[in-house]
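Chemist: My structure file protein.cif, mmCIF, C-alpha atoms, is below:
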data_structure
loop_
_atom_site.label_atom_id
_atom_site.label_comp_id
_atom_site.auth_asym_id
_atom_site.auth_seq_id
_atom_site.Cartn_x
_atom_site.Cartn_y
_atom_site.Cartn_z
CA MET I 1360 -14.68 12.98 21.31
CA TYR I 1361 -13.18 11.62 24.53
CA ILE I 1362 -10.78 14.54 25.01
CA THR I 1363 -13.52 17.17 25.04
CA SER I 1364 -16.30 15.00 26.49
CA SER I 1365 -17.80 16.11 29.81
CA LYS I 1366 -18.17 12.45 30.85
CA LYS I 1367 -14.81 10.72 30.65
CA THR I 1368 -15.47 7.09 31.64
CA THR I 1369 -13.25 4.01 31.70
CA PHE I 1370 -15.63 2.41 29.21
CA HIS I 1371 -14.60 5.00 26.59
CA LEU I 1372 -10.93 4.23 27.16
CA VAL I 1373 -11.54 0.46 26.91
CA SER I 1374 -13.45 1.00 23.67
CA ILE I 1375 -10.57 3.06 22.21
CA LEU I 1376 -8.07 0.42 23.31
CA ILE I 1377 -10.07 -2.41 21.71
CA SER I 1378 -10.32 -0.47 18.44
CA THR I 1379 -6.58 0.19 18.54
CA LEU I 1380 -5.80 -3.46 19.25
CA THR I 1381 -7.98 -4.75 16.41
CA THR I 1382 -6.47 -2.21 13.97
CA ALA I 1383 -2.97 -3.14 15.12
CA PHE I 1384 -3.63 -6.87 14.85
CA ALA I 1385 -4.99 -6.56 11.31
CA SER I 1386 -2.16 -4.32 10.07
CA ALA I 1387 0.58 -6.36 11.77
CA MET I 1388 -0.91 -9.53 10.27
CA VAL I 1389 -0.88 -8.05 6.75
CA SER I 1390 2.76 -6.90 7.07
CA TYR I 1391 3.84 -10.16 8.67
CA ASP I 1392 2.08 -12.35 6.09
CA MET I 1393 3.58 -10.39 3.21
CA ASP I 1394 7.06 -10.63 4.69
CA VAL I 1395 7.02 -14.37 5.45
CA SER I 1396 5.32 -15.29 2.16
CA VAL I 1397 7.49 -17.81 0.32
CA ALA I 1398 6.38 -16.42 -3.04
CA ASN I 1399 7.31 -12.84 -2.05
CA ARG I 1400 10.68 -13.90 -0.65
CA LYS I 1401 11.48 -15.84 -3.81
CA GLU I 1402 10.34 -13.03 -6.05
CA ASN I 1403 12.09 -10.23 -4.20
CA PRO I 1404 14.61 -11.64 -1.69
CA GLU I 1405 16.26 -8.27 -1.25
CA PHE I 1406 13.07 -6.66 0.02
CA TYR I 1407 11.20 -9.40 1.89
CA GLY I 1408 12.63 -11.58 4.66
CA LEU I 1409 12.66 -9.11 7.55
CA VAL I 1410 11.21 -11.66 9.96
CA LYS I 1411 13.59 -14.44 10.96
CA ASP I 1412 12.73 -18.10 10.47
CA THR I 1413 12.37 -19.82 13.87
CA ASN I 1414 8.93 -20.08 15.48
CA LEU I 1415 10.01 -18.21 18.61
CA GLU I 1416 11.58 -15.33 16.68
CA ARG I 1417 8.54 -15.12 14.42
CA SER I 1418 6.13 -15.05 17.37
CA PHE I 1419 8.09 -12.34 19.21
CA THR I 1420 8.50 -10.30 16.03
CA PHE I 1421 4.78 -10.43 15.37
CA LEU I 1422 4.02 -9.35 18.94
CA VAL I 1423 6.46 -6.43 18.69
CA MET I 1424 5.00 -5.45 15.31
CA MET I 1425 1.56 -5.41 16.88
CA LEU I 1426 2.81 -3.40 19.85
CA LEU I 1427 4.44 -0.87 17.50
CA ALA I 1428 1.18 -0.58 15.58
CA VAL I 1429 -0.79 -0.03 18.82
CA LEU I 1430 1.59 2.70 20.01
CA GLN I 1431 1.80 4.39 16.62
CA ASN I 1432 -1.98 4.34 16.29
CA LEU I 1433 -2.49 5.75 19.77
CA SER I 1434 0.10 8.52 19.34
CA ARG I 1435 -1.20 9.57 15.97
CA THR I 1436 -4.85 9.41 17.02
CA ILE I 1437 -4.24 11.37 20.23
CA GLY I 1438 -2.27 13.95 18.25
CA VAL I 1439 -5.03 14.43 15.69
CA ALA I 1440 -7.73 14.43 18.42
CA LEU I 1441 -5.87 17.15 20.36
CA LEU I 1442 -5.47 19.23 17.20
CA LEU I 1443 -9.17 18.76 16.41
CA ALA I 1444 -10.07 19.92 19.89
CA VAL I 1445 -8.07 23.11 19.27
CA SER I 1446 -9.30 23.80 15.73
CA GLY I 1447 -10.89 21.76 12.95
CA SER I 1448 -9.43 23.98 10.23
CA THR I 1449 -5.89 23.75 11.68
CA THR I 1450 -6.19 19.95 11.69
CA PHE I 1451 -7.46 19.94 8.11
CA VAL I 1452 -4.62 22.21 6.97
CA PHE I 1453 -2.00 20.12 8.82
CA LEU I 1454 -3.22 16.77 7.46
CA GLY I 1455 -3.70 18.21 3.98
CA ALA I 1456 -0.23 19.78 3.97
CA GLU I 1457 1.33 16.53 5.15
CA MET I 1458 -0.40 14.61 2.36
CA ALA I 1459 0.52 17.26 -0.21
CA VAL I 1460 4.21 17.13 0.80
CA TYR I 1461 4.15 13.33 0.51
CA ILE I 1462 2.46 13.35 -2.92
CA GLY I 1463 4.73 16.19 -4.07
CA PHE I 1464 7.78 14.23 -2.95
CA LYS I 1465 6.54 11.21 -4.95
CA ILE I 1466 5.99 13.34 -8.06
CA LEU I 1467 9.39 15.04 -7.78
CA ARG I 1468 11.13 11.68 -7.49
CA ASN I 1469 9.21 10.29 -10.48
CA ASP I 1470 7.66 7.70 -8.16
CA PHE I 1471 4.01 8.70 -8.42
CA VAL I 1472 2.57 6.14 -10.83
CA THR I 1473 1.59 2.93 -9.04
CA PHE I 1474 2.70 -0.57 -9.92
CA ILE I 1475 -0.72 -1.69 -11.28
CA PRO I 1476 -0.08 -2.74 -14.89
CA GLY I 1477 -2.29 -1.71 -17.79
CA LEU I 1478 -3.51 1.63 -16.42
CA GLU I 1479 -3.13 4.44 -18.94
CA GLY I 1480 -4.17 8.04 -19.43
CA THR I 1481 -5.84 10.07 -16.70
CA LEU I 1482 -6.95 6.89 -14.90
CA LYS I 1483 -3.26 6.10 -14.20
CA TYR I 1484 -2.91 9.33 -12.21
CA MET I 1485 -6.31 9.08 -10.51
CA VAL I 1486 -5.58 5.55 -9.27
CA ALA I 1487 -2.10 6.64 -8.18
CA LEU I 1488 -3.52 9.53 -6.14
CA LEU I 1489 -6.07 7.25 -4.47
CA PHE I 1490 -3.47 4.54 -3.87
CA HIS I 1491 -0.89 6.87 -2.28
CA THR I 1492 -3.54 8.54 -0.13
CA VAL I 1493 -4.83 5.22 1.21
CA VAL I 1494 -1.31 3.85 1.79
CA LYS I 1495 -0.18 7.00 3.61
CA VAL I 1496 -3.22 7.00 5.91
CA LEU I 1497 -2.77 3.28 6.64
CA VAL I 1498 0.95 3.61 7.33
CA ASP I 1499 0.56 6.81 9.38
CA TYR I 1500 -2.02 5.25 11.67
CA THR I 1501 -0.50 1.79 11.99
CA GLY I 1502 3.25 2.28 11.65
CA GLU I 1503 3.51 -0.93 9.68
CA PRO I 1504 5.92 -1.15 6.74
CA LEU I 1505 3.34 -2.13 4.12
CA LYS I 1506 5.64 -3.45 1.42
CA MET I 1507 3.54 -3.25 -1.70
CA MET X 626 6.15 3.93 0.61
CA GLY X 627 9.94 4.06 0.74
CA GLY X 628 11.96 3.23 3.82
CA PHE X 629 13.11 6.76 4.64
CA ILE X 630 9.63 8.27 4.25
CA PHE X 631 8.17 5.43 6.32
CA SER X 632 10.62 6.01 9.19
CA LEU X 633 10.09 9.77 8.97
CA SER X 634 6.33 9.24 9.12
CA CYS X 635 6.68 7.06 12.25
CA ILE X 636 8.86 9.67 13.99
CA LEU X 637 6.44 12.45 12.99
CA GLY X 638 3.64 10.34 14.45
CA GLN X 639 5.45 10.38 17.77
CA VAL X 640 6.22 14.11 17.68
CA LEU X 641 2.71 15.16 16.59
CA PRO X 642 0.89 14.54 19.91
CA PHE X 643 3.43 16.64 21.85
CA VAL X 644 3.07 19.55 19.40
CA ALA X 645 -0.72 19.16 19.48
CA LEU X 646 -0.68 19.05 23.28
CA SER X 647 1.22 22.34 23.46
CA PHE X 648 -1.53 23.96 21.30
CA TYR X 649 -4.20 22.22 23.38
CA SER X 650 -2.81 23.34 26.74
CA THR X 651 -2.46 26.98 25.64
CA SER X 652 -5.89 27.13 23.99
CA THR X 653 -8.53 29.06 25.92
CA THR X 654 -11.54 28.11 23.81
CA ILE X 655 -11.77 24.40 24.69
CA GLU X 656 -14.49 23.26 27.07
CA ASN X 657 -14.11 20.21 29.34
CA LYS X 658 -10.37 20.28 28.92
CA ALA X 659 -8.46 17.20 30.09
CA ASN X 660 -5.54 17.80 32.45
CA PRO X 661 -2.59 18.70 30.13
CA HIS X 662 -0.03 17.60 32.71
CA GLU X 663 -1.55 14.10 32.98
CA MET X 664 -1.81 13.91 29.19
CA ASN X 665 1.84 14.91 28.89
CA ILE X 666 2.84 12.08 31.23
CA ALA X 667 0.67 9.60 29.24
CA LEU X 668 2.30 10.75 25.98
CA ILE X 669 5.81 10.43 27.44
CA VAL X 670 4.99 6.88 28.59
CA LEU X 671 3.62 6.02 25.12
CA ALA X 672 6.69 7.50 23.39
CA CYS X 673 9.07 5.61 25.70
CA CYS X 674 7.20 2.34 25.08
CA TRP X 675 7.38 3.05 21.34
CA GLY X 676 11.13 3.68 21.57
CA LEU X 677 11.67 0.43 23.47
CA SER X 678 9.51 -1.46 20.96
CA VAL X 679 11.56 -0.05 18.08
CA ILE X 680 14.78 -1.25 19.78
CA ALA X 681 13.20 -4.69 20.37
CA PHE X 682 12.00 -4.81 16.76
CA PHE X 683 15.47 -4.04 15.34
CA GLY X 684 16.94 -6.61 17.73
CA LEU X 685 14.57 -9.29 16.43
CA ILE X 686 14.61 -8.74 12.68
CA ASN X 687 17.11 -9.85 10.07
CA ARG X 688 19.94 -7.29 10.22
CA LYS X 689 20.53 -7.53 6.46
CA LYS X 690 17.15 -5.94 5.85
CA MET X 691 17.69 -2.89 8.06
CA TRP X 692 18.59 -0.78 5.04
CA SER X 693 14.94 -0.92 4.02
CA PHE X 694 14.11 1.46 6.91
CA TYR X 695 16.39 4.24 5.71
CA SER X 696 16.59 3.55 2.01
CA THR X 697 15.60 6.36 -0.34
CA LYS X 698 15.18 3.96 -3.26
CA THR X 699 12.01 4.43 -5.30
CA GLY X 700 9.78 1.59 -6.50
CA VAL X 701 11.16 2.01 -10.02
CA GLN X 702 14.78 1.78 -8.83
CA SER X 703 13.97 -1.26 -6.70
CA ILE X 704 12.28 -3.09 -9.58
CA ILE X 705 15.11 -2.35 -12.02
CA ARG X 706 17.64 -3.55 -9.44
CA THR X 707 15.73 -6.78 -8.84
CA TYR X 708 15.44 -7.32 -12.60
CA ARG X 709 19.17 -6.87 -13.09
CA PHE X 710 20.33 -8.94 -10.12
CA SER X 711 17.97 -11.90 -10.47
CA ASP X 712 18.91 -14.97 -12.48
CA ASP X 713 15.41 -16.41 -12.37
CA PRO X 714 13.49 -15.72 -15.62
CA ALA X 715 10.18 -15.92 -13.70
CA VAL X 716 11.31 -13.09 -11.41
CA LYS X 717 12.87 -11.05 -14.21
CA THR X 718 9.78 -11.23 -16.42
CA HIS X 719 7.48 -10.53 -13.48
CA MET X 720 9.48 -7.39 -12.68
CA VAL X 721 8.88 -6.15 -16.23
CA PHE X 722 5.36 -7.32 -17.05
CA GLY X 723 3.87 -7.68 -13.56
CA PHE X 724 4.22 -3.95 -12.89
CA HIS X 725 3.32 -0.79 -14.74
CA SER X 726 5.23 -0.50 -18.03
CA SER X 727 6.59 2.95 -17.08
CA PHE X 728 8.66 1.32 -14.31
CA THR X 729 11.01 -0.37 -16.78
CA GLU X 730 10.74 2.14 -19.64
CA SER X 731 14.34 3.29 -19.03
CA ILE X 732 15.71 -0.23 -19.58
CA LYS X 733 13.35 -1.20 -22.39
CA ASP X 734 16.13 -1.99 -24.89
CA GLU X 735 17.86 -4.19 -22.33
CA VAL X 736 14.60 -6.06 -21.69
CA ILE X 737 13.89 -6.46 -25.42
CA ASN X 738 17.33 -8.04 -25.92
CA TYR X 739 16.80 -10.36 -22.94
CA MET X 740 13.35 -11.44 -24.17
CA HIS X 741 14.56 -11.98 -27.75
CA ASP X 742 17.53 -14.03 -26.52
CA ASN X 743 15.41 -16.34 -24.36
CA TRP X 744 11.97 -16.56 -26.00
CA ALA X 745 12.81 -19.62 -28.13
CA GLU X 746 14.16 -21.45 -25.06
CA TRP X 747 10.96 -20.72 -23.08
CA GLU X 748 8.83 -21.87 -26.01
CA ARG X 749 10.75 -25.14 -26.05
CA THR X 750 10.85 -25.80 -22.29
CA GLN X 751 7.44 -24.23 -21.44
CA PRO X 752 8.22 -23.16 -17.83
CA ALA X 753 5.23 -22.91 -15.47
CA TRP X 754 5.10 -19.10 -15.64
CA PHE X 755 5.15 -19.03 -19.46
CA THR X 756 1.38 -19.13 -19.72
CA PRO X 757 -1.01 -17.71 -22.36
CA LYS X 758 -1.91 -15.02 -19.79
CA PHE X 759 1.75 -14.04 -19.48
CA ILE X 760 2.22 -14.02 -23.27
CA ALA X 761 -0.87 -11.80 -23.60
CA SER X 762 0.72 -9.33 -21.16
CA VAL X 763 3.89 -9.05 -23.29
CA GLY X 764 4.02 -6.24 -25.85
CA ASP X 765 4.77 -7.05 -29.50
CA GLU X 766 8.16 -5.37 -29.40
CA PHE X 767 9.39 -7.84 -26.74
CA ILE X 768 8.58 -10.94 -28.84
CA PRO X 769 10.99 -12.01 -31.60
CA GLY X 770 9.57 -11.48 -35.11
CA ARG X 771 9.19 -15.15 -36.02
CA ALA X 772 7.46 -16.06 -32.74
CA LEU X 773 5.18 -13.03 -33.02
CA GLN X 774 4.20 -14.04 -36.53
CA GLN X 775 3.41 -17.58 -35.33
CA LEU X 776 1.30 -16.25 -32.44
CA ASN X 777 -0.66 -13.98 -34.80
CA GLU X 778 -1.16 -16.74 -37.34
CA ALA X 779 -2.39 -19.15 -34.66
CA ALA X 780 -4.90 -16.61 -33.31
CA ALA X 781 -8.42 -16.22 -34.63
CA GLY X 782 -8.59 -13.17 -36.92
CA GLY X 783 -4.84 -13.14 -37.43
CA VAL X 784 -4.10 -10.97 -34.41
CA ARG X 785 -2.93 -12.50 -31.13
CA GLU X 786 -4.77 -11.82 -27.88
CA LYS X 787 -3.23 -8.96 -25.89
CA LEU X 788 -4.09 -7.30 -22.62
CA GLN X 789 -5.71 -3.98 -23.43
CA PRO X 790 -4.78 -0.91 -21.41
CA THR X 791 -7.42 0.29 -18.95
CA THR X 792 -8.43 3.90 -19.46
CA ILE X 793 -11.27 6.11 -18.27
CA SER X 794 -13.19 5.46 -21.52
CA SER X 795 -12.89 1.69 -21.10
CA MET X 796 -14.06 2.08 -17.49
CA LYS X 797 -16.97 4.18 -18.77
CA GLU X 798 -18.09 1.27 -20.96
CA VAL X 799 -18.06 -1.07 -17.97
CA VAL X 800 -19.96 1.41 -15.78
CA ILE X 801 -22.54 2.13 -18.54
CA THR X 802 -23.04 -1.62 -19.16
CA LEU X 803 -23.49 -2.38 -15.45
CA THR X 804 -25.83 0.58 -14.96
CA THR X 805 -27.92 -0.44 -17.98
CA VAL X 806 -28.19 -4.05 -16.78
CA ASP X 807 -29.07 -2.83 -13.28
CA THR X 808 -31.74 -0.42 -14.59
CA ILE X 809 -33.30 -3.08 -16.84
CA THR X 810 -33.41 -5.52 -13.90
CA ASP X 811 -35.05 -2.86 -11.69
CA VAL X 812 -37.66 -2.03 -14.35
CA TYR X 813 -38.41 -5.74 -14.83
CA MET X 814 -38.78 -6.25 -11.06
CA ILE X 815 -41.21 -3.28 -10.87
CA TYR X 816 -43.17 -4.77 -13.80
CA LEU X 817 -43.33 -8.18 -12.05
CA TYR X 818 -44.46 -6.49 -8.84
CA LYS X 819 -47.24 -4.60 -10.68
CA VAL X 820 -48.43 -7.75 -12.47
CA ASN X 821 -48.18 -10.23 -9.58
CA GLY X 822 -48.42 -8.00 -6.48
CA LEU X 823 -46.40 -8.54 -3.32
CA HIS X 824 -46.34 -12.18 -2.15
CA ARG X 825 -46.47 -12.62 1.60
#
What is this structure when it is put down as structure tokens?
Modeler:
Amino acid sequence: MYITSSKKTTFHLVSILISTLTTAFASAMVSYDMDVSVANRKENPEFYGLVKDTNLERSFTFLVMMLLAVLQNLSRTIGVALLLAVSGSTTFVFLGAEMAVYIGFKILRNDFVTFIPGLEGTLKYMVALLFHTVVKVLVDYTGEPLKM
Amino acid sequence: MGGFIFSLSCILGQVLPFVALSFYSTSTTIENKANPHEMNIALIVLACCWGLSVIAFFGLINRKKMWSFYSTKTGVQSIIRTYRFSDDPAVKTHMVFGFHSSFTESIKDEVINYMHDNWAEWERTQPAWFTPKFIASVGDEFIPGRALQQLNEAAAGGVREKLQPTTISSMKEVVITLTTVDTITDVYMIYLYKVNGLHR
């Protein structure tokens, strides 16, 4: 880990930055594509249509979305790395508690089951747990409004 | 994820490194510690850039959609609202049958009435979305009696094709089938190897 490494080189920082940029680009692209999709906007005009329609506005919005994802990813990653440097168990408890609160909130609001049609029985809840966990991790580390 | 939870998560993401840094700087067990003061400055710069980016983002996006960043609406509420406010049958039916059935359970009677009122019209005009796949995704109770009878009579075996729910037991069948096919293929490959040897 860079924070506790005895050799802190620029190469490490560049590597972290490249990883952050690629993650941010991918997540911003997914959010952007979903928002500007004609099918999505027609299907749910209330929800999609965040990005305006001129080329210039779209380009700037995408760049800002990517920048937000970079900064969110860096902040979150640095936070978790610092906590890990202090104590692995504290980090595990913190991340686990955060996830538990999120899942608990979903259950309390009757919003736990995912949209995927046809799932029944225990599988419905297993898929929902997996889905919410993946979405929370993605959103936490990218800061992109994944509208699914 | 829900707009309010999303925004809260983003803000927490910005607060977390400062809290973690305070633990980090007071910890005495860490070796090769980075300079906490420099890290604090780096985090402040990152947080300021994030704040400016958020302002730029809200300045660029469609103002009418800002509610989605503080809305506490659940997926179910959002789908029911879209169903009720849309005039497009493609959208309305997708909201009901394109998502999990529990989402629209509370308005089931309303949906049944809507489907019964319009089914004959869709059968006559055959819109692009009114496909056999869509019809297979519709439960019997949503199809008017006469149309349901016709669909069953037209189907082989007297029962129309319907999408079956996916459960753990149905997944088990798939997994067992795939594993069996995979094992048989492996055994056959070993047999071929023993008979023919390894070709170079």
Chemist: Evaluated on this file, the PyMOL selection byres ((chain X and resi 631-635) around 9) picks out some residues - which ones are they, written as a ChimeraX atom specification?
Modeler: /I:1431,1495,1498-1504 /X:626-630,636-640,694-695
Chemist: I need the chain X residues near chain I as JSON, numbers by chain; criterion: at most 7 Å, counting all atoms listed in the file.
Modeler: {"X": [631, 634, 635, 638, 639, 641, 642, 645, 646, 648, 649, 652, 655, 656, 657, 658, 659, 671, 675, 678, 682, 685, 686, 687, 690, 699, 700, 701, 707, 716, 723, 724, 725, 726, 789, 790, 791, 792, 793]}
Chemist: Between X:Asn821, X:Gln774, X:Ser703, X:Thr750, which residue has the minimum interatomic distance to X:Phe728, considering only C-alpha atoms?
Modeler: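 Among X:Asn821, X:Gln774, X:Ser703, X:Thr750, it is X:Ser703 that comes nearest to X:Phe728.
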Chemist: Which residue is closest to X:Ala761? Choose from X:Phe643, X:Phe722, X:Trp747, X:Tyr708 and count all atoms listed in the file.
Modeler: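 Ranking X:Phe643, X:Phe722, X:Trp747, X:Tyr708 by distance to X:Ala761, first place goes to X:Phe722.
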Chemist: Rounded to one decimal in Å, what is the spacing between atom CA of X:Ile768 and atom CA of X:Ile705?
Modeler: 20.0 Å
Chemist: As a check of understanding, name the residues that the PyMOL selection byres ((chain X and resi 733) around 12) selects in the supplied structure, as a list of chain:residue names.
Modeler: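 That expression, the PyMOL selection byres ((chain X and resi 733) around 12), corresponds here to X:Ile705, X:Tyr708, X:Val721, X:Phe722, X:Ser726, X:Ser727, X:Phe728, X:Thr729, X:Glu730, X:Ser731, X:Ile732, X:Asp734, X:Glu735, X:Val736, X:Ile737, X:Asn738, X:Tyr739, X:Met740, X:Gly764, X:Glu766, X:Phe767.
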Chemist: Please compute the atom CA of I:Val1486-atom CA of X:Lys797 distance, one decimal, in Å.
Modeler: 14.9 Å
Chemist: Report, in Å to a single decimal, how far apart atom CA of X:Ala780 and atom CA of X:Trp754 are.
Modeler: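 Result for atom CA of X:Trp754 versus atom CA of X:Ala780: 20.5 Å, one decimal.
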Chemist: Would you mind listing what lies within 10 Å of X:His662 as a PyMOL selection string, with all atoms listed in the file counted and same-chain residues fewer than 4 positions away left out?
Modeler: chain X and resi 646+650+666-668
Chemist: Taking all atoms of stretch 690-707 of chain X that the file lists, what box with edges along x, y and z, padded by 3 Å per side, do you get, with centre and edge lengths in Å to one decimal, as lines of an AutoDock Vina configuration file?
Modeler:
center_x = 14.2
center_y = -0.2
center_z = -2.0
size_x = 14.8
size_y = 19.1
size_z = 26.1
Chemist: Please supply stretch 1439-1457 of chain I, rebuilt with N, CA and C atoms, as a PDB file, keeping the file's coordinate frame.
Modeler:
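Writing the result to result03.pdb gives the following:
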ATOM      1  N   VAL I1439      -3.988  13.854  16.557  1.00  0.00           N
ATOM      2  CA  VAL I1439      -5.030  14.430  15.690  1.00  0.00           C
ATOM      3  C   VAL I1439      -6.227  14.870  16.542  1.00  0.00           C
ATOM      4  N   ALA I1440      -6.588  14.078  17.568  1.00  0.00           N
ATOM      5  CA  ALA I1440      -7.730  14.430  18.420  1.00  0.00           C
ATOM      6  C   ALA I1440      -7.457  15.737  19.178  1.00  0.00           C
ATOM      7  N   LEU I1441      -6.220  15.911  19.653  1.00  0.00           N
ATOM      8  CA  LEU I1441      -5.870  17.150  20.360  1.00  0.00           C
ATOM      9  C   LEU I1441      -5.932  18.348  19.413  1.00  0.00           C
ATOM     10  N   LEU I1442      -5.417  18.148  18.194  1.00  0.00           N
ATOM     11  CA  LEU I1442      -5.470  19.230  17.200  1.00  0.00           C
ATOM     12  C   LEU I1442      -6.908  19.582  16.855  1.00  0.00           C
ATOM     13  N   LEU I1443      -7.746  18.530  16.715  1.00  0.00           N
ATOM     14  CA  LEU I1443      -9.170  18.760  16.410  1.00  0.00           C
ATOM     15  C   LEU I1443      -9.859  19.523  17.518  1.00  0.00           C
ATOM     16  N   ALA I1444      -9.469  19.214  18.759  1.00  0.00           N
ATOM     17  CA  ALA I1444     -10.070  19.920  19.890  1.00  0.00           C
ATOM     18  C   ALA I1444      -9.721  21.402  19.853  1.00  0.00           C
ATOM     19  N   VAL I1445      -8.499  21.701  19.352  1.00  0.00           N
ATOM     20  CA  VAL I1445      -8.070  23.110  19.270  1.00  0.00           C
ATOM     21  C   VAL I1445      -8.786  23.803  18.105  1.00  0.00           C
ATOM     22  N   SER I1446      -8.680  23.182  16.914  1.00  0.00           N
ATOM     23  CA  SER I1446      -9.300  23.800  15.730  1.00  0.00           C
ATOM     24  C   SER I1446      -9.430  22.780  14.599  1.00  0.00           C
ATOM     25  N   GLY I1447     -10.634  22.677  14.065  1.00  0.00           N
ATOM     26  CA  GLY I1447     -10.890  21.760  12.950  1.00  0.00           C
ATOM     27  C   GLY I1447     -10.131  22.186  11.708  1.00  0.00           C
ATOM     28  N   SER I1448     -10.093  23.515  11.459  1.00  0.00           N
ATOM     29  CA  SER I1448      -9.430  23.980  10.230  1.00  0.00           C
ATOM     30  C   SER I1448      -7.917  23.776  10.309  1.00  0.00           C
ATOM     31  N   THR I1449      -7.338  23.991  11.510  1.00  0.00           N
ATOM     32  CA  THR I1449      -5.890  23.750  11.680  1.00  0.00           C
ATOM     33  C   THR I1449      -5.564  22.289  11.392  1.00  0.00           C
ATOM     34  N   THR I1450      -6.408  21.391  11.907  1.00  0.00           N
ATOM     35  CA  THR I1450      -6.190  19.950  11.690  1.00  0.00           C
ATOM     36  C   THR I1450      -6.259  19.632  10.211  1.00  0.00           C
ATOM     37  N   PHE I1451      -7.289  20.184   9.544  1.00  0.00           N
ATOM     38  CA  PHE I1451      -7.460  19.940   8.110  1.00  0.00           C
ATOM     39  C   PHE I1451      -6.239  20.434   7.339  1.00  0.00           C
ATOM     40  N   VAL I1452      -5.784  21.625   7.674  1.00  0.00           N
ATOM     41  CA  VAL I1452      -4.620  22.210   6.970  1.00  0.00           C
ATOM     42  C   VAL I1452      -3.371  21.352   7.225  1.00  0.00           C
ATOM     43  N   PHE I1453      -3.180  20.923   8.482  1.00  0.00           N
ATOM     44  CA  PHE I1453      -2.000  20.120   8.820  1.00  0.00           C
ATOM     45  C   PHE I1453      -2.005  18.798   8.054  1.00  0.00           C
ATOM     46  N   LEU I1454      -3.152  18.074   8.125  1.00  0.00           N
ATOM     47  CA  LEU I1454      -3.220  16.770   7.460  1.00  0.00           C
ATOM     48  C   LEU I1454      -3.114  16.914   5.946  1.00  0.00           C
ATOM     49  N   GLY I1455      -3.768  17.963   5.418  1.00  0.00           N
ATOM     50  CA  GLY I1455      -3.700  18.210   3.980  1.00  0.00           C
ATOM     51  C   GLY I1455      -2.286  18.553   3.541  1.00  0.00           C
ATOM     52  N   ALA I1456      -1.605  19.383   4.321  1.00  0.00           N
ATOM     53  CA  ALA I1456      -0.230  19.780   3.970  1.00  0.00           C
ATOM     54  C   ALA I1456       0.699  18.559   4.021  1.00  0.00           C
ATOM     55  N   GLU I1457       0.498  17.725   5.011  1.00  0.00           N
ATOM     56  CA  GLU I1457       1.330  16.530   5.150  1.00  0.00           C
ATOM     57  C   GLU I1457       1.164  15.619   3.926  1.00  0.00           C
TER      58      GLU I1457
END
